[in-house]
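**Q** Once you've had a glance at the structure underneath, I'll fire off some questions.
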Amino acid sequence: MSTLYYKVIFKGIKGDSSESYSLTFKDINLEKPIKIPSQFFASLKSLSQKQTNVINFQNIREVVKIGDSDDKYNFNYYIVVLFTNLTDGNKEGFLVGNLKKHGDILIGIWPFNQENDSLSSESILGKLRLLTEGNKFKDICVIYS
């Protein structure tokens, strides 16, 4: 079984030596996709108006699939959520893709060398719930395409 990765390429600053940056997310490859509740991003946007450690902006240039892909999904757009855990200081992230008939689903994790063993719908949705409370994580960044 080969692994699929998503390389998310962000727009850089004009005149910057690179002018683009990227993060690589590992496909979570779960039998049943984890659907992200529709109110999640609205809650983070509301939180960003109250707290300075939560920001939202549009900066995804493109998402490139790397590896064997059966292309069973054709995503309308992507959203990246990055954050730092206050407990251990670890930086983590999720890649969310939108499907027309299913809504937003979790498709990747960062850093890509994380083990998928601890991933379950309950653990991910629990972490998303904690993100919207804003007191267990810092530097929450939501990047739209």
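We name chains A, B, ... following the order of the structure tokens; residues begin at 1 in each chain, and ligands are numbered from 1 as shown.
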Quick one: residues within 10 Å of A:Thr132, only C-alpha atoms counted, chain neighbours fewer than 3 positions away excluded, as a PyMOL selection string?
**A** chain A and resi 39-48+54+127-129+135-137+140
**Q** Could you go through chain A and tell me which residues DSSP, when run on the backbone, assigns to alpha helix (DSSP H), listing them as a list in words?
**A**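 Written out, the alpha helix (DSSP H) residues of chain A are Gln39, Phe40, Phe41, Ala42, Ser43, Leu44, Lys45, Ser46, Leu47, Ser48, Gln49, Lys50, Ser121, Glu122, Ser123, Ile124, Leu125, Gly126, Lys127, Leu128, Arg129, Leu130, Leu131, Thr132 and Glu133 of chain A.
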**Q** Contacts of stretch 109-112 of chain A at 12 Å or less, counting only C-alpha atoms, minus same-chain residues fewer than 2 places along, as a PyMOL selection string?
**A** chain A and resi 3-8+22-29+79-84+90-97+106-107+114-116+118-119+124
**Q** Taking the DSSP secondary structure from the backbone, can you list the residues of chain A that are strand (DSSP E), as a VMD selection string?
**A** chain A and resid 5 to 11 20 to 27 34 to 35 54 to 58 60 to 66 78 to 85 91 to 99 103 to 110 137 to 144
**Q** Between A:Ile9, A:Ser121, A:Glu133, A:Lys138, which has the minimum distance to A:Pro33 (counting only C-alpha atoms)?
**A**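 Once distances to A:Pro33 are computed over only C-alpha atoms, the minimum belongs to A:Ser121.
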**Q** Rounded to one decimal place, report the atom CA of A:Gly67-atom CA of A:Ile105 distance in Å.
**A**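 A separation of 19.9 Å between them.
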**Q** Determine, counting only C-alpha atoms, which protein, DNA and RNA residues have an atom within 7 Å of an atom of A:Asn98; residues of the same chain fewer than 2 positions away are not included. Present the result as an mmCIF file with all heavy atoms, in the first residue's frame.
**A**
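Saved as result-v2.cif:
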data_model
loop_
_atom_site.group_PDB
_atom_site.id
_atom_site.type_symbol
_atom_site.label_atom_id
_atom_site.label_comp_id
_atom_site.auth_asym_id
_atom_site.auth_seq_id
_atom_site.Cartn_x
_atom_site.Cartn_y
_atom_site.Cartn_z
ATOM 1 N N PHE A 75 -11.909 17.692 -4.920
ATOM 2 C CA PHE A 75 -12.203 18.723 -3.937
ATOM 3 C C PHE A 75 -12.447 20.078 -4.580
ATOM 4 O O PHE A 75 -11.753 20.469 -5.509
ATOM 5 C CB PHE A 75 -11.067 18.816 -2.914
ATOM 6 C CG PHE A 75 -10.883 17.551 -2.136
ATOM 7 C CD1 PHE A 75 -9.810 16.705 -2.394
ATOM 8 C CD2 PHE A 75 -11.786 17.184 -1.159
ATOM 9 C CE1 PHE A 75 -9.645 15.533 -1.687
ATOM 10 C CE2 PHE A 75 -11.635 16.008 -0.441
ATOM 11 C CZ PHE A 75 -10.563 15.186 -0.710
ATOM 12 N N ASN A 76 -13.438 20.801 -4.046
ATOM 13 C CA ASN A 76 -13.766 22.144 -4.527
ATOM 14 C C ASN A 76 -12.762 23.171 -4.032
ATOM 15 O O ASN A 76 -12.386 24.078 -4.753
ATOM 16 C CB ASN A 76 -15.166 22.558 -4.051
ATOM 17 C CG ASN A 76 -16.229 21.653 -4.607
ATOM 18 O OD1 ASN A 76 -16.208 21.318 -5.778
ATOM 19 N ND2 ASN A 76 -17.145 21.223 -3.761
ATOM 20 N N TYR A 77 -12.366 23.043 -2.769
ATOM 21 C CA TYR A 77 -11.372 23.936 -2.187
ATOM 22 C C TYR A 77 -10.745 23.253 -0.979
ATOM 23 O O TYR A 77 -11.208 22.206 -0.533
ATOM 24 C CB TYR A 77 -11.969 25.290 -1.788
ATOM 25 C CG TYR A 77 -13.109 25.225 -0.802
ATOM 26 C CD1 TYR A 77 -12.881 25.123 0.570
ATOM 27 C CD2 TYR A 77 -14.432 25.277 -1.232
ATOM 28 C CE1 TYR A 77 -13.930 25.054 1.479
ATOM 29 C CE2 TYR A 77 -15.480 25.217 -0.331
ATOM 30 C CZ TYR A 77 -15.224 25.100 1.026
ATOM 31 O OH TYR A 77 -16.245 25.035 1.925
ATOM 32 N N TYR A 78 -9.674 23.871 -0.482
ATOM 33 C CA TYR A 78 -8.940 23.323 0.656
ATOM 34 C C TYR A 78 -8.831 24.371 1.755
ATOM 35 O O TYR A 78 -8.812 25.573 1.483
ATOM 36 C CB TYR A 78 -7.524 22.921 0.238
ATOM 37 C CG TYR A 78 -7.485 21.846 -0.807
ATOM 38 C CD1 TYR A 78 -7.439 22.168 -2.163
ATOM 39 C CD2 TYR A 78 -7.478 20.500 -0.453
ATOM 40 C CE1 TYR A 78 -7.388 21.177 -3.133
ATOM 41 C CE2 TYR A 78 -7.440 19.505 -1.416
ATOM 42 C CZ TYR A 78 -7.393 19.849 -2.755
ATOM 43 O OH TYR A 78 -7.350 18.872 -3.695
ATOM 44 N N VAL A 96 -8.090 20.156 5.234
ATOM 45 C CA VAL A 96 -9.506 19.876 5.029
ATOM 46 C C VAL A 96 -9.824 20.109 3.559
ATOM 47 O O VAL A 96 -9.359 21.093 2.961
ATOM 48 C CB VAL A 96 -10.367 20.806 5.922
ATOM 49 C CG1 VAL A 96 -11.847 20.623 5.636
ATOM 50 C CG2 VAL A 96 -10.068 20.558 7.389
ATOM 51 N N LYS A 100 -18.588 18.529 -2.788
ATOM 52 C CA LYS A 100 -19.894 19.121 -3.062
ATOM 53 C C LYS A 100 -21.027 18.482 -2.262
ATOM 54 O O LYS A 100 -21.823 19.168 -1.648
ATOM 55 C CB LYS A 100 -20.181 19.044 -4.560
ATOM 56 C CG LYS A 100 -21.308 19.902 -5.007
ATOM 57 C CD LYS A 100 -21.410 19.929 -6.512
ATOM 58 C CE LYS A 100 -22.294 21.065 -6.944
ATOM 59 N NZ LYS A 100 -22.178 21.353 -8.355
ATOM 60 N N GLY A 103 -19.606 18.071 2.060
ATOM 61 C CA GLY A 103 -19.129 19.184 2.878
ATOM 62 C C GLY A 103 -17.641 19.073 3.130
ATOM 63 O O GLY A 103 -16.900 18.471 2.362
ATOM 64 N N ASP A 104 -17.193 19.641 4.253
ATOM 65 C CA ASP A 104 -15.770 19.649 4.601
ATOM 66 C C ASP A 104 -15.394 18.341 5.277
ATOM 67 O O ASP A 104 -16.047 17.914 6.227
ATOM 68 C CB ASP A 104 -15.467 20.816 5.547
ATOM 69 C CG ASP A 104 -15.668 22.166 4.885
ATOM 70 O OD1 ASP A 104 -15.483 22.260 3.654
ATOM 71 O OD2 ASP A 104 -15.996 23.130 5.601
ATOM 72 N N ILE A 105 -14.311 17.707 4.783
ATOM 73 C CA ILE A 105 -13.815 16.478 5.400
ATOM 74 C C ILE A 105 -12.316 16.600 5.643
ATOM 75 O O ILE A 105 -11.600 17.277 4.909
ATOM 76 C CB ILE A 105 -14.122 15.216 4.562
ATOM 77 C CG1 ILE A 105 -13.458 15.274 3.190
ATOM 78 C CG2 ILE A 105 -15.605 14.981 4.428
ATOM 79 C CD1 ILE A 105 -13.499 13.944 2.444
#
